[in-house]
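The next block is structure_17.cif, given as mmCIF, C-alpha atoms.
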data_final
loop_
_atom_site.label_atom_id
_atom_site.label_comp_id
_atom_site.auth_asym_id
_atom_site.auth_seq_id
_atom_site.Cartn_x
_atom_site.Cartn_y
_atom_site.Cartn_z
CA MET A 35 149.45 151.30 236.14
CA ASP A 36 150.21 149.98 239.61
CA ASP A 37 153.22 148.64 237.84
CA LYS A 38 154.31 152.15 236.92
CA ARG A 39 153.90 153.28 240.51
CA GLY A 40 155.82 150.25 241.69
CA ARG A 41 158.70 150.85 239.31
CA PHE A 42 158.73 154.53 240.23
CA GLU A 43 158.97 153.67 243.91
CA ALA A 44 161.80 151.28 243.21
CA GLU A 45 163.81 153.45 240.80
CA VAL A 46 163.14 157.07 241.63
CA LEU A 47 161.80 157.38 245.15
CA PRO A 48 165.05 156.08 246.70
CA HIS A 49 166.64 159.31 245.46
CA LEU A 50 164.25 161.45 247.46
CA ASP A 51 166.92 162.28 250.02
CA ALA A 52 169.31 163.39 247.30
CA ALA A 53 166.55 165.48 245.73
CA TYR A 54 165.82 167.05 249.10
CA ARG A 55 169.49 167.81 249.85
CA PHE A 56 169.96 169.36 246.44
CA ALA A 57 166.80 171.43 246.79
CA ARG A 58 167.98 172.61 250.20
CA TRP A 59 171.27 173.79 248.74
CA LEU A 60 169.43 175.57 245.98
CA SER A 61 166.56 177.10 247.95
CA HIS A 62 168.02 178.15 251.31
CA SER A 63 164.62 177.71 252.93
CA PRO A 64 163.27 174.32 254.07
CA GLY A 65 159.69 175.23 253.17
CA ASP A 66 160.64 176.12 249.61
CA ALA A 67 162.71 172.97 249.31
CA ASP A 68 159.74 170.82 250.36
CA ASP A 69 157.54 172.37 247.71
CA VAL A 70 160.18 172.09 245.02
CA VAL A 71 160.85 168.44 245.83
CA GLN A 72 157.18 167.54 245.84
CA GLU A 73 156.62 169.26 242.51
CA ALA A 74 159.71 167.57 241.09
CA MET A 75 158.53 164.14 242.22
CA LEU A 76 155.16 164.65 240.57
CA ARG A 77 156.76 165.76 237.34
CA ALA A 78 159.16 162.86 237.51
CA PHE A 79 156.24 160.50 237.94
CA ARG A 80 154.37 161.98 235.00
CA GLY A 81 157.45 161.78 232.82
CA PHE A 82 158.67 158.49 234.18
CA ASP A 83 158.25 156.69 230.86
CA ALA A 84 161.01 158.83 229.40
CA LEU A 85 163.57 157.62 231.90
CA ARG A 86 164.10 154.28 230.18
CA GLY A 87 166.83 152.81 232.27
CA SER A 88 169.03 155.89 232.34
CA ASP A 89 170.49 157.34 235.49
CA ALA A 90 167.46 158.02 237.67
CA LYS A 91 169.30 160.15 240.19
CA GLY A 92 170.71 162.63 237.68
CA TRP A 93 167.39 162.75 235.89
CA LEU A 94 165.51 163.52 239.10
CA LEU A 95 168.03 166.16 240.18
CA ALA A 96 167.68 167.86 236.80
CA ILE A 97 163.94 168.07 237.37
CA VAL A 98 164.51 169.42 240.88
CA ARG A 99 166.74 172.11 239.46
CA ASN A 100 164.12 173.06 236.88
CA CYS A 101 161.37 173.21 239.47
CA HIS A 102 163.56 175.37 241.65
CA ALA A 103 164.19 177.77 238.78
CA THR A 104 160.48 177.95 238.00
CA ALA A 105 159.56 178.53 241.62
CA LEU A 106 162.21 181.20 241.95
CA LYS A 107 160.91 183.04 238.90
CA GLN A 108 157.40 182.95 240.30
CA GLN A 109 158.57 184.19 243.66
CA GLN A 110 160.43 187.04 242.07
CA ARG A 111 157.39 187.99 240.07
CA ARG A 112 155.30 188.04 243.23
CA ALA A 113 157.95 189.56 245.44
CA PHE A 114 157.57 193.11 246.66
CA VAL A 115 161.29 193.67 246.48
CA PRO A 116 162.69 191.58 243.68
CA LEU A 117 166.37 191.75 244.51
CA PRO A 118 168.88 190.08 242.25
CA GLU A 119 169.92 186.72 243.53
CA GLU A 120 173.44 187.68 244.57
CA HIS A 121 172.03 190.19 246.97
CA ASP A 122 169.58 187.86 248.59
CA PRO A 123 170.25 188.45 252.28
CA ARG A 124 169.70 184.78 253.01
CA ASP A 125 172.54 183.96 250.70
CA GLY A 126 175.35 185.36 252.71
CA TYR A 127 177.34 185.87 249.56
CA ALA A 128 176.73 189.59 249.60
CA MET A 129 178.05 189.85 253.11
CA ILE A 130 181.32 188.29 252.20
CA ALA A 131 181.99 189.35 248.68
CA THR A 132 180.70 192.86 248.45
CA THR A 133 181.80 194.46 251.69
CA PRO A 134 184.75 196.77 251.25
CA ASP A 135 186.72 195.00 253.92
CA PRO A 136 186.11 191.30 253.55
CA GLU A 137 188.29 190.37 256.48
CA SER A 138 186.50 192.37 259.08
CA ALA A 139 183.14 191.28 257.79
CA SER A 140 184.18 187.74 257.16
CA ILE A 141 182.67 184.82 258.79
CA ARG A 142 182.55 185.09 262.53
CA GLY A 143 181.00 183.02 265.22
CA ASP A 144 180.31 179.33 265.42
CA ASP A 145 177.53 179.21 262.89
CA ALA A 146 179.37 181.29 260.34
CA ARG A 147 182.50 179.23 260.72
CA SER A 148 180.94 176.09 259.43
CA LEU A 149 181.87 174.73 256.08
CA GLU A 150 178.21 174.85 255.16
CA ARG A 151 178.32 178.58 255.57
CA LEU A 152 181.35 178.84 253.33
CA MET A 153 179.67 176.77 250.68
CA SER A 154 176.46 178.76 250.87
CA ALA A 155 178.58 181.81 250.20
CA LEU A 156 179.69 180.49 246.82
CA PRO A 157 177.87 181.75 243.73
CA GLU A 158 175.03 179.39 242.89
CA GLU A 159 176.56 178.06 239.68
CA GLN A 160 179.68 177.05 241.58
CA ARG A 161 177.84 175.75 244.60
CA GLU A 162 175.62 173.43 242.62
CA VAL A 163 178.45 171.69 240.76
CA LEU A 164 180.37 171.28 244.00
CA VAL A 165 177.35 169.80 245.78
CA LEU A 166 176.61 167.46 242.89
CA ARG A 167 180.21 166.30 242.72
CA GLU A 168 181.24 166.02 246.35
CA ILE A 169 178.00 165.31 248.13
CA GLU A 170 175.90 163.53 245.53
CA ASP A 171 178.93 161.93 243.91
CA LEU A 172 177.78 162.47 240.33
CA ASP A 173 180.28 162.22 237.50
CA TYR A 174 180.94 165.07 235.07
CA ARG A 175 178.47 163.81 232.52
CA ALA A 176 175.67 163.58 235.04
CA ILE A 177 176.48 167.01 236.41
CA ALA A 178 176.40 168.39 232.88
CA THR A 179 172.98 166.80 232.44
CA VAL A 180 171.62 168.22 235.65
CA THR A 181 172.97 171.73 235.20
CA ASN A 182 172.38 171.80 231.46
CA VAL A 183 175.86 173.02 230.50
CA PRO A 184 178.68 171.36 228.52
CA ILE A 185 181.13 169.14 230.38
CA GLY A 186 183.91 171.67 229.84
CA THR A 187 181.88 174.23 231.74
CA VAL A 188 181.28 171.74 234.53
CA MET A 189 185.04 171.25 234.83
CA SER A 190 185.89 174.92 234.95
CA ARG A 191 183.08 175.74 237.39
CA LEU A 192 184.15 172.91 239.60
CA ALA A 193 187.73 174.13 239.58
CA ARG A 194 186.61 177.66 240.44
CA ALA A 195 184.30 176.44 243.18
CA ARG A 196 187.02 174.36 244.79
CA ALA A 197 189.57 177.14 244.56
CA ALA A 198 187.12 179.67 246.00
CA LEU A 199 186.17 177.40 248.85
CA LYS A 200 189.81 176.76 249.63
CA ALA A 201 190.57 180.49 249.52
CA ARG A 202 187.71 181.33 251.87
CA TRP A 203 188.73 178.59 254.13
CA LEU A 204 192.28 179.93 254.32
CA ARG A 205 190.99 183.41 254.88
CA GLN A 206 188.91 182.15 257.77
CA ALA A 207 191.84 180.25 259.23
CA GLU A 208 193.99 183.35 259.00
CA GLY A 209 191.28 185.27 260.77
CA GLU A 210 191.43 182.78 263.61
CA LEU A 211 195.19 183.01 263.79
CA ARG A 212 195.29 186.77 263.57
CA GLY A 213 195.94 187.11 267.31
CA VAL A 214 198.78 184.62 267.22
CA ARG A 215 200.76 186.14 264.38
CA MET B 742 196.23 177.79 239.45
CA GLY B 743 198.65 178.63 236.72
CA CYS B 744 199.55 175.21 235.38
CA ALA B 745 197.88 174.40 232.09
CA GLU B 746 197.33 170.85 233.27
CA ALA B 747 195.20 171.88 236.26
CA LEU B 748 191.90 170.82 234.72
CA ARG B 749 193.33 167.48 233.67
CA VAL B 750 194.68 166.96 237.16
CA GLN B 751 191.25 167.71 238.53
CA ALA B 752 189.70 165.22 236.10
CA TYR B 753 192.25 162.66 237.27
CA PHE B 754 191.28 163.36 240.86
CA ASP B 755 187.62 162.91 239.98
CA ALA B 756 188.38 159.58 238.29
CA GLU B 757 187.24 160.92 234.93
CA VAL B 758 190.25 159.84 232.86
CA ASP B 759 191.21 156.52 231.33
CA ALA B 760 194.22 154.52 232.46
CA VAL B 761 196.54 155.88 229.80
CA SER B 762 195.77 159.51 230.61
CA ALA B 763 196.00 158.73 234.30
CA ALA B 764 199.54 157.43 233.90
CA ASP B 765 200.38 160.49 231.85
CA ILE B 766 199.01 162.83 234.49
CA GLU B 767 200.77 160.99 237.28
CA ARG B 768 204.06 161.53 235.45
CA HIS B 769 203.27 165.20 235.13
CA VAL B 770 202.40 165.58 238.79
CA GLU B 771 205.73 164.07 239.78
CA HIS B 772 207.48 166.99 238.15
CA CYS B 773 205.00 169.79 238.84
CA ALA B 774 204.92 171.10 242.38
CA GLU B 775 201.90 173.24 241.60
CA CYS B 776 199.81 170.28 240.53
CA ARG B 777 200.99 168.28 243.54
CA ALA B 778 199.71 171.05 245.76
CA LEU B 779 196.49 171.14 243.76
CA LEU B 780 195.92 167.43 244.30
CA GLN B 781 196.40 167.95 248.00
CA ASP B 782 193.93 170.82 248.05
CA LEU B 783 191.36 168.78 246.18
CA GLU B 784 191.75 165.94 248.62
CA GLN B 785 191.43 168.22 251.64
CA THR B 786 188.36 169.94 250.30
CA ARG B 787 186.66 166.67 249.54
CA THR B 788 187.53 165.17 252.90
CA ALA B 789 186.22 168.21 254.74
CA ILE B 790 182.97 168.35 252.79
CA ARG B 791 182.26 164.66 253.12
CA ARG B 792 183.21 164.64 256.80
CA ASP B 793 181.57 167.84 258.01
CA LEU B 794 178.45 168.15 255.97
CA THR B 795 176.13 165.54 257.37
CA PRO B 796 173.96 164.15 254.64
CA GLY B 797 170.50 165.60 255.06
CA ARG B 798 167.46 163.42 254.75
CA ALA B 799 164.01 164.30 253.55
CA PRO B 800 161.72 164.70 256.56
CA PRO B 801 159.11 161.96 257.06
CA GLU B 802 156.28 164.46 256.56
CA LEU B 803 157.61 165.17 253.09
CA HIS B 804 157.72 161.45 252.32
CA ALA B 805 154.10 161.18 253.35
CA ARG B 806 153.09 164.30 251.44
CA ILE B 807 154.66 163.00 248.26
CA ARG B 808 153.06 159.59 248.57
CA ARG B 809 149.67 161.23 249.04
CA ALA B 810 150.26 163.42 246.01
CA LEU B 811 151.28 160.40 243.94
CA ASP B 812 148.10 158.62 244.98
CA GLN B 813 146.17 161.48 243.41
CA GLU B 814 147.97 161.11 240.10
CA PRO B 815 145.90 159.70 237.26
CA ALA B 816 146.89 156.25 236.13
CA VAL B 817 147.39 157.42 232.57
CA ASN B 818 149.60 160.32 231.59
CA THR B 819 147.49 163.33 230.82
CA SER B 820 148.31 166.85 229.98
CA ARG B 821 147.03 169.33 232.49
CA PRO B 822 148.25 172.57 233.98
CA ASP B 823 150.54 171.98 236.90
CA ARG B 824 150.95 174.05 239.99
CA TRP B 825 153.25 176.52 238.29
CA GLY B 826 150.51 177.39 235.86
CA ARG B 827 151.81 175.76 232.75
CA THR B 828 151.10 172.44 231.18
CA THR B 829 153.27 169.55 232.10
CA TRP B 830 156.34 169.20 230.00
CA ARG B 831 155.09 166.07 228.37
CA THR B 832 152.13 167.01 226.31
CA ARG B 833 152.43 164.49 223.52
CA PRO B 834 152.88 161.08 225.09
CA PHE B 835 152.81 159.31 221.77
CA TRP B 836 156.32 160.53 221.07
CA LEU B 837 157.64 158.68 224.04
CA GLY B 838 158.41 155.47 222.30
CA ALA B 839 160.38 157.05 219.52
CA LEU B 840 163.69 157.22 221.23
CA GLY B 841 163.56 153.88 222.92
CA GLY B 842 163.11 152.32 219.54
CA ILE B 843 166.41 153.50 218.20
CA GLY B 844 168.81 153.87 221.07
CA SER B 845 171.30 151.25 222.16
CA ALA B 846 172.68 151.43 225.67
CA ALA B 847 175.87 153.12 224.55
CA LEU B 848 173.94 155.69 222.59
CA ALA B 849 171.65 156.31 225.49
CA ALA B 850 174.67 157.17 227.57
CA THR B 851 175.98 159.59 224.98
CA LEU B 852 172.64 161.17 224.40
CA GLY B 853 171.73 161.24 228.03
CA PHE B 854 171.87 164.95 228.32
CA LEU B 855 169.44 165.38 225.49
CA VAL B 856 167.00 162.71 226.41
CA LEU B 857 167.00 163.52 230.07
CA SER B 858 166.87 167.24 230.22
CA PRO B 859 163.34 167.97 231.32
CA SER B 860 163.22 170.88 228.99
CA MET B 861 159.53 171.55 229.49
CA THR B 862 159.06 171.66 225.78
CA ASN B 863 157.49 169.52 223.19
CA PRO B 864 159.29 166.18 223.41
CA LEU B 865 159.37 166.23 219.63
CA LEU B 866 162.21 168.72 219.91
CA ASP B 867 164.18 166.40 222.12
CA ASP B 868 163.59 163.46 219.84
CA LEU B 869 164.69 165.35 216.76
CA LEU B 870 167.73 166.67 218.53
CA ALA B 871 168.68 163.26 219.81
CA ALA B 872 168.31 161.80 216.33
CA HIS B 873 170.44 164.59 214.90
CA VAL B 874 173.23 164.09 217.40
CA ARG B 875 173.06 160.35 216.96
CA SER B 876 173.49 160.80 213.25
CA LEU B 877 176.75 162.63 213.81
CA MET B 878 178.32 159.59 215.38
CA PRO B 879 180.48 157.28 213.28
CA SER B 880 178.54 155.30 210.69
CA HIS B 881 175.15 156.66 211.64
CA LEU B 882 174.86 159.57 209.29
CA VAL B 883 173.57 158.00 206.12
CA ASP B 884 172.05 154.71 205.07
CA VAL B 885 172.31 155.53 201.41
CA VAL B 886 175.29 157.54 200.29
CA SER B 887 174.58 159.53 197.22
CA THR B 888 174.81 163.01 195.85
CA ASP B 889 172.16 162.10 193.32
CA GLN B 890 168.55 162.82 194.17
CA HIS B 891 167.46 160.12 191.76
CA THR B 892 169.17 157.55 193.95
CA VAL B 893 168.09 158.91 197.28
CA LYS B 894 164.43 159.46 196.52
CA PRO B 895 163.60 155.92 195.38
CA TRP B 896 165.53 154.56 198.32
CA PHE B 897 163.13 156.32 200.68
CA ALA B 898 160.19 154.72 198.94
CA GLY B 899 161.40 151.29 199.99
CA HIS B 900 162.63 152.19 203.46
CA THR B 901 160.39 154.85 204.94
CA ASP B 902 156.73 155.82 205.04
CA VAL B 903 157.20 159.18 203.37
CA SER B 904 158.57 160.65 200.20
CA PRO B 905 160.13 164.04 200.88
CA VAL B 906 161.59 166.49 198.42
CA VAL B 907 165.21 165.74 197.65
CA ALA B 908 167.68 167.73 195.61
CA ASP B 909 171.34 168.56 195.56
CA PHE B 910 171.90 172.27 196.18
CA GLY B 911 175.66 172.06 195.78
CA GLN B 912 175.68 175.29 193.78
CA GLN B 913 174.06 177.14 196.66
CA GLY B 914 176.42 175.55 199.15
CA TYR B 915 174.21 172.73 200.40
CA ARG B 916 175.65 169.48 199.16
CA LEU B 917 173.42 166.44 199.23
CA ILE B 918 175.29 163.60 200.90
CA GLY B 919 172.63 160.99 201.31
CA GLY B 920 169.55 159.73 203.06
CA ARG B 921 168.65 157.81 206.15
CA ALA B 922 165.61 156.22 207.73
CA ASP B 923 164.83 157.21 211.30
CA TYR B 924 162.08 156.30 213.68
CA LEU B 925 159.95 159.23 214.82
CA ASP B 926 156.37 159.39 215.98
CA HIS B 927 155.86 155.67 215.42
CA GLN B 928 156.65 155.90 211.76
CA ARG B 929 159.70 155.53 209.65
CA SER B 930 160.61 159.05 208.83
CA ALA B 931 162.91 160.05 206.00
CA VAL B 932 166.02 162.06 206.70
CA VAL B 933 167.82 163.86 203.92
CA VAL B 934 171.36 164.75 204.86
CA TYR B 935 173.09 167.85 203.59
CA GLN B 936 176.51 169.27 204.18
CA HIS B 937 177.05 172.99 204.44
CA GLY B 938 180.68 173.92 204.99
CA ALA B 939 181.79 171.84 207.95
CA HIS B 940 178.23 171.42 209.22
CA VAL B 941 175.81 168.59 208.73
CA ILE B 942 172.17 169.47 208.28
CA ASN B 943 169.60 166.74 208.84
CA VAL B 944 166.23 167.35 207.23
CA PHE B 945 163.62 165.14 208.88
CA SER B 946 160.22 164.57 207.35
CA TRP B 947 157.12 162.73 208.49
CA SER B 948 153.42 162.57 207.74
CA ALA B 949 151.61 165.65 208.95
CA GLY B 950 148.48 165.77 210.98
CA ARG B 951 149.02 165.48 214.70
CA GLY B 952 148.35 168.93 215.98
CA SER B 953 150.41 172.00 215.39
CA LEU B 954 154.12 172.05 214.69
CA PRO B 955 156.43 173.59 217.27
CA GLY B 956 157.99 176.95 216.45
CA ASN B 957 161.62 177.20 215.45
CA ALA B 958 163.84 176.58 218.43
CA THR B 959 167.41 176.35 219.62
CA ARG B 960 168.40 173.56 221.98
CA SER B 961 171.87 172.73 223.27
CA GLY B 962 173.41 174.83 220.52
CA TYR B 963 171.44 173.21 217.70
CA HIS B 964 168.85 175.07 215.68
CA LEU B 965 165.61 173.38 214.69
CA ALA B 966 163.52 174.87 211.89
CA PHE B 967 160.04 173.48 211.27
CA TRP B 968 157.76 173.82 208.31
CA LYS B 969 154.98 172.05 206.51
CA ALA B 970 154.71 171.31 202.83
CA GLY B 971 151.89 169.33 201.32
CA ASP B 972 151.08 166.39 203.54
CA LEU B 973 154.50 166.32 205.13
CA GLU B 974 156.05 168.07 208.08
CA TYR B 975 159.72 168.88 208.00
CA CYS B 976 162.37 169.80 210.50
CA ALA B 977 165.90 170.88 209.61
CA VAL B 978 168.42 170.47 212.44
CA SER B 979 171.98 171.72 212.54
CA ASP B 980 174.58 173.58 214.53
CA THR B 981 175.12 175.90 211.60
CA GLY B 982 173.88 179.50 211.88
CA TRP B 983 170.20 180.39 211.57
CA ASP B 984 170.72 182.20 208.26
CA GLU B 985 172.45 179.21 206.73
CA LEU B 986 169.84 176.81 208.02
CA LEU B 987 166.92 178.95 206.84
CA GLY B 988 168.63 179.30 203.46
CA LEU B 989 168.25 175.57 202.94
CA VAL B 990 164.69 175.66 204.26
CA ARG B 991 163.86 178.30 201.66
CA LEU B 992 165.32 176.20 198.85
CA LEU B 993 163.37 173.15 199.96
CA ARG B 994 160.10 175.06 200.29
CA ASP B 995 160.56 176.51 196.80
CA LEU B 996 161.18 173.04 195.51
CA SER B 997 158.04 171.72 197.20
CA SER B 998 155.86 174.40 195.68
CA ARG B 999 157.37 173.77 192.26
CA ASP B 1000 156.56 170.09 192.70
CA GLY B 1001 152.99 171.16 193.29
CA ARG B 1002 153.00 169.89 196.81
CA GLU B 1003 151.92 173.10 198.42
#

Taking this structure as input, can you express it in the form of C-alpha cells?
Amino acid sequence: MDDKRGRFEAEVLPHLDAAYRFARWLSHSPGDADDVVQEAMLRAFRGFDALRGSDAKGWLLAIVRNCHATALKQQQRRAFVPLPEEHDPRDGYAMIATTPDPESASIRGDDARSLERLMSALPEEQREVLVLREIEDLDYRAIATVTNVPIGTVMSRLARARAALKARWLRQAEGELRGVR
Amino acid sequence: MGCAEALRVQAYFDAEVDAVSAADIERHVEHCAECRALLQDLEQTRTAIRRDLTPGRAPPELHARIRRALDQEPAVNTSRPDRWGRTTWRTRPFWLGALGGIGSAALAATLGFLVLSPSMTNPLLDDLLAAHVRSLMPSHLVDVVSTDQHTVKPWFAGHTDVSPVVADFGQQGYRLIGGRADYLDHQRSAVVVYQHGAHVINVFSWSAGRGSLPGNATRSGYHLAFWKAGDLEYCAVSDTGWDELLGLVRLLRDLSSRDGRE
C-alpha cells in the first residue's frame, strides 16, 4: 500500500495548491478552506483507485467542491443566523447588487478596487466557472465535471460571469472618472 | 451580447473548437463588429485575471497537516464514518474494478463526468450509469440484435453468467431490440435492451446477494430503477420518464413471477 501512497503523492498531491485556491474562492475564509482541502485530500486518497488515469486535477477539484458544499450545509445547520448565501456579509455581493444605488455603494477604496473583490462579488455559480477556466485553466469538459452541470451550462455561465465582471469593471472605472467627466 | 454566435466565439477564444469551426468563426468575426468587441473583452478579462490575481499556494502547515492525516489512513480502503458524519462515498470497494475492465481511453474521456463525480453514493449507481451511457455510443448498444426473445435468451447463456427474463413488449410500447454482455461486479452481467419511443432502456441483471440494493435514483438526468426477482438483481436505466421506466419494470416483474422466479 506504500505504492498507493506513492502514486497518490505523485498524481494528486501536486494539485494541492489548485485545491487550496479553489477552496479559498469557494469558502471566503482561510480556516474553512484548510478544513475543506484536508477533508478533500483524505476522500481523494480513499477513493484514489477510482481515478484510473483520468484527469487528477479536475477529479480533486470536484471533491473539493463537494466537501465545501457539505461543510457549508453543516455550518448552516449549526449557525445561529442561517442567512441565505447571497446575503452572506463576507460575500460582498449583497453590498453591490442589492443596494438601491449601486454606484454610490460600489466598490471604494484600495481593497475594494481589486479585481479579486470584483470576482468575489459574482454569484458563486459564475465565480466558480470563471476561476476554473481562467485561473485553473480547465477546459469546458473538466469544468462540467467539477461543477456537475452540462457543458452548455458551463458555457452560458462563463459568458455571464465574464460579461458581469466586465460590466462591474467598467462601472468601477466610471466611478473613478466621475470627477473628470 | 446580442449576436447569436457569441457562445461560439467564446468557445473559439477558449480553444474549444476544431480547426474547421475555428476558420468558420474567424470569418464571422471579420464581419461582426459585436463579436470582434467580444473577443477583445474576453482577452482583456483573461489578461487582467491572470496578471492581477497572484496564484495562491497552500500554506506549509496545511501540507504538513495533510501528510499527517494521510499517515493515519488505513492501508486498505475501509468504510467508516468521516468527519462530516456520513460514511465515505466508497462503501463497496469490490465495484471498483468494474469500470476499468470495460473502458478504453476514449470512452474514459467521454464518461469522465460520470466516473469522476464523487457523488457520495453507492458506486454501483455510477457504474450502471456509465455502462448505460457507453451503450448509447455508436456500435455499443447491442451484441445480439434481435426482437425475438428466443434468440436473445440463449445468447445470454453462452455469453454471460446470468439468465434474465426477456420478452418483447412491443404491444405495450417497449420494443425488444437486443441483448448485450457487460461487466459489472466482477461478473458478466446480461443487459436486455429495449426501445421506448426515442429512448433506449437498458435492463441490467446480475446475481443477487451482496448486501442490499440501492433505492431508485436519478443521476445526471438518467433514472435508475432497481428490483430483485428470484436470484437476480435488476436495474433499468434510461432518460425516459419515471412512469415509462416503471411501466417496463412492472411488465418484467410480472413476467418473472409468471416464470416462477419469485

Among the residues B:Leu882, B:Leu866, B:Ala966, B:Leu996, the one that comes closest to Asp984 in chain B [using only C-alpha atoms]: B:Ala966

Residues selected by the PyMOL selection byres ((chain A) within 6 of (chain B)), written as a list in words: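 In the shown coordinates, the PyMOL selection byres ((chain A) within 6 of (chain B)) covers Met35, Asp51, Tyr54, Arg55, Gln72, Trp93 and Thr179 of chain A.
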
Picked residues, the PyMOL selection byres ((chain B and resi 884-894) around 8), as a PyMOL selection string: chain B and resi 881-883+895-898+904-909+916-922

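The spacing separating CA of Glu974 in chain B from CA of Gly950 in chain B amounts to 8.4 Å.
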
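Omitting Ile766 in chain B and its sequence neighbours fewer than 6 positions away, and counting only C-alpha atoms, the residues within 9 Å are Glu746, Arg749, Val750 and Tyr753 of chain B.
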
Selection dump of the PyMOL selection byres ((chain B and resi 869) around 10), as a ChimeraX atom specification: /B:839-840,855,864-868,870-875,923-925,943-945,965,976-978

One-decimal distance in Å that lies between CA of Val932 in chain B and CA of Trp947 in chain B: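 According to the coordinates, CA of Trp947 in chain B and CA of Val932 in chain B are separated by 9.1 Å.
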